[in-house]
Amino acid sequence: MRHSPSGSAGLHPSAKFVSQRLALQPHSLHRPRRQGSQNGLAKSSFGERSNSNSPDLLGLLAENEALKQEVAKLRGIPKDQVTVAFSIEDYEQQQQQQQLDLEGEAASSSAQAPPQAQAHQAGAQALGRTDQLESGISWPSFSESPPFWKRPPRHQALNLGEGRAAREVPQDPCSFHIIHVTAEMAPVAKVGGLADVVTGLAKACLERGHQVEVMLPFYECLPEEEIADLQHELDFDAPKGAMWDGQMRLGSLRTQAFRGRIDGIPVILLRPDWRECNIFQGNRIYGGSYNELEAYLYFSRACLEYLLISGSQPHILHIHEWQTSALPLLYWDKYHNDGLKRPRIVLTLHNLDNSGECRQEEFAFTGLPGEMFATIDKALDERTIGHNPERLCLLKGAIIYSNAVTTVSPTYARESLSGGAAGWLQSTLAKPDLRNKFQGVLNGIDTAAWDPAEDAALPAPFTADQWQGKALCKRYLQMGLGMEVDPAKPLVVCVTRLVPQKGIHLIRHGIFRTLEQGGQFVLLGSGHADGEFRSLAEGQLRDHPDVRLLTLYNEPLSHIIYAAGDFVLVPSMFEPCGLTQLIAMRYGTIPVVRSTGGLADTVKDVDASEGDPSSQWNANGYTFVGIDEGSLNYALDRALQHYRDQPEWWAKLSQRVMRIDSSWDLSAASYVTLYKQIASY
């Protein structure tokens with residue numbers, strides 16, 4: 001199945017081009033910079049022909065022998081099996097031959113390709129040369145302040161996507177007016193994957209010819225400079241209940257509506273009068289000083305009131321998570337009767353961990369009494385029957401009242417119906433009339449935002465065909481984090497929220513197991529369970545040359561880590577879909593995952609005999625099922641062993657997963673089909 005390692009040099013394919021140039025790049029093994037060089041590159045490396053008898057060249061040749069010994073020691077092979085450019089003449093002959101090969105490939109391709117493709121091929125081939133990729137990099141140091149990820153990685157911009165043919169997006173024959181109602185939207189109001197899904201799906205449907213808008217709270221912390229064409233539209237009174245002397249009193253709250261565009265998507269932003277309340281005030285999306293349940297109950301009512309007042313009649317109201325789950329109840333039992341006739345409602349369940357529990361008197365924050373919905377066939381929480389007081393479950397009510405219900409992967413949908421993922425809501429979802437309207441639609445990712453060919457956060461761009469930049473990204477990260485710079489060591493990365501759902505105990509074990517196996521590990525993440533990793537970073541693993549535990553989140557740094565990694569670890573206890581593994585594969589980083597939810601749908605083990613050979617997801621990573629350390633070892637050990645022992649096969653796997661189509665195209669098509677099934681014309 002897998003190819004045996006080839007090549008007498010004994011070096012990993014991702015590192016070969018680095019090792020071939022060690023004689024002219026002494027910095028690549030932590031050598032001090034030469035006088036008169038920039039970023040560790042000797043002036044004689046490129047462009048200028050040095051005198052072959054110069055002391056500098058003789059010094060380089062002597063250093064060449066020392067470097068061969070170091071590489072041989074690192075790889076555990078005889079020194080004579082290490083291939084390096086041992087003279088300027090040999091190096092120049094190699095460069096001339098590479099140029100001839102590139103010209104020959106370009107000529108043969110041009111005969112069959114259209115003019116635009118010819119230009120792209122020629123440009124990509126030229127840019128793919130390692131010297132050109134490397135020449136513009138601003139190499140980092142561990143001592144930089146501020147850290148390297150807060151500045152541009154290159155002093156010369158480079159883009160492998162220029163001239164690439166534009167992606168063709170099919171246009172749907174029926175155009176729908178779709179409004180997403182959500183608590184999050186990337187990039188301005190992002191806490192988790194919900195924000196990415198809303199923006200990705202909205203953008204994909206816009207590209208297919210639909211009228212798409214997003215309704216979002218106008219949080220005080222929204223960066224207004226990132227909202228294009230922001231303007232006030234109207235003021236209106238949203239019905240709302242308020243607590244006064246321990247009693248709920250019905251009234252209204254003055255609300256402002258604004259319009260603008262976020263990431264090219266039209267948005268409607270609703271802001272309450274802050275002279276009367278503190279709803280949505282604060283410097284973050286969640287966790288402010290206001291009552292979140294009250295805030296989102298008000299928001300759900302205000303959205304419907306705005307649509308009624310403005311005269312808007314969208315085909316689809318697509319709501320997300322518990323925060324907007326009161327909307328279908330309010331729509332069907334009030335606003336549909338008041339003249340808002342056309343909308344049909346789709347509910348997407350991103351994570352069933354929070355079901356939106358609500359006391360009946362709290363529901364009156366919407367301006368309607370909770371008793372209207374306190375029956376078992378509506379929103380009553382069955383777990384509280386006979387209690388005083390009995391409570392409502394907003395998510396249960398939304399499941400019952402919505403025209404269609406989706407979750408974010410087929411496997412998570414099955415786990416919700418029969419595997420316990422939905423908890424007590426399993427009995428609601430499993431009812432025949434509700435089960436028939438419930439399905440899993442796999443998420444996509446924004447392939448424009450996550451594109452290694454054009455990613456401005458990367459020190460070197462790369463593609464599946466022009467792959468050299470990936471190894472440069474690895475070296476850049478190793479240098480910037482003060483790790484041992486060794487292209488042959490497998491680098492395992494983990495980009496995650498540090499919460500119990502993500503398998504905290506397995507992440508910890510994965511760190512030490514990777515070290516035992518001779519690899520390196522980089523963690524990027526934050527969350528309420530990050531204390532253990534802070535302690536490790538400041539104690540046992542402080543200054544370890546092969547580990548960096550970064551208990552923070554930074555978007556540009558996450559791009560660099562995805563690009564630099566050889567493997568990404570995703571050992572989730574449950575995972576409705578997961579975007580980490582999709583992003584990692586986009587950057588040629590092989591996933592090692594626990595087979596659950598969307599991880600099971602998108603990662604199939606390379607050693608498994610079952611599965612659809614024609615599927616793009618087939619044989620693209622390493623999986624395990626158990627939640628114990630031994631189960632993780634089974635997958636991680638095989639991954640690291642294949643990297644070491646079968647480098648050519650691993651390189652082909654890395655390049656192949658980069659070609660997987662993880663865009664929103666297929667998911668958007670599925671949602672458009674669903675919209676068509678339920679829409680009222």
# chains A, B, ... in the order shown; residues from 1 in each chain; ligands from 1

$ residues_around --residues "range 195-211 of chain A" --least-positions-apart "2" --cutoff "10 Å" --atoms "only C-alpha atoms" --output "ChimeraX atom specification"
/A:168-193,213-214,262-266,314-315,318-320,350,408,443-447,449,579,663-669,671-672

$ residues_around --residues "range 653-659 of chain A" --least-positions-apart "5" --cutoff "8 Å" --atoms "only C-alpha atoms" --output "JSON, numbers by chain"
{"A": [463, 464, 465, 467, 585, 586, 587, 588, 589, 590, 620]}

$ closest_residue --among "A:Phe624, A:Tyr331, A:Phe365, A:Tyr290" --to "Met243 in chain A" --atoms "only C-alpha atoms"
A:Phe365

$ closest_residue --among "A:Pro369, A:Gly420, A:Pro217, A:Pro146" --to "Gly480 in chain A" --atoms "only C-alpha atoms"
A:Pro146

$ residues_around --residues "range 246-250 of chain A" --least-positions-apart "4" --cutoff "6 Å" --atoms "only C-alpha atoms" --output "PyMOL selection string"
chain A and resi 241-242+367

$ write_last_selection --atoms "C-alpha atoms" --output "PDB file, in the first residue's frame"
ATOM      1  CA  GLY A 241     -40.610  42.453  29.589  1.00  0.00           C
ATOM      2  CA  ALA A 242     -38.586  43.883  32.467  1.00  0.00           C
ATOM      3  CA  GLY A 367     -42.940  40.418  25.899  1.00  0.00           C
TER       4      GLY A 367
END

$ closest_residue --among "A:Glu321, A:Asp605, A:Asp566, A:Asp451" --to "Lys470 in chain A" --atoms "only C-alpha atoms"
A:Asp566

$ residues_around --residues "Cys303 in chain A" --least-positions-apart "4" --cutoff "10 Å" --atoms "only C-alpha atoms" --output "JSON, numbers by chain"
{"A": [181, 215, 216, 217, 238, 257, 268, 269, 270, 298, 299, 307, 308, 324, 327]}

$ select_by_dssp --residues "range 471-562 of chain A" --states "strand (DSSP E)" --output "MDAnalysis selection string"
chainID A and resid 491:497 520:526 547:550

$ closest_residue --among "A:Ser670, A:Ser312, A:Gln501, A:Gln281" --to "Gln439 in chain A" --atoms "only C-alpha atoms"
A:Ser670

$ atom_distance --atom1 "CA of Arg284 in chain A" --atom2 "CA of Glu224 in chain A"
14.1 Å

$ residues_around --residues "range 673-681 of chain A" --least-positions-apart "6" --cutoff "7 Å" --atoms "only C-alpha atoms" --output "list in words"
His315, Ile316, Arg342, Arg344 and Asn403 of chain A

$ write_last_selection --atoms "N, CA and C atoms" --output "compact mmCIF listing (two decimals), in the first residue's frame"
# COMPACT_ATOMS: atom_id res chain seq x y z
N HIS A 315 -37.78 34.47 2.34
CA HIS A 315 -38.24 33.09 2.19
C HIS A 315 -37.83 32.25 3.40
N ILE A 316 -36.58 32.48 3.88
CA ILE A 316 -36.01 31.62 4.91
C ILE A 316 -35.44 32.47 6.05
N ARG A 342 -44.55 34.93 4.83
CA ARG A 342 -43.78 34.09 3.92
C ARG A 342 -42.65 33.28 4.56
N ARG A 344 -40.10 30.72 6.24
CA ARG A 344 -40.04 29.39 6.82
C ARG A 344 -38.72 29.30 7.58
N ASN A 403 -39.34 24.47 10.65
CA ASN A 403 -39.75 23.66 9.50
C ASN A 403 -38.71 22.61 9.14
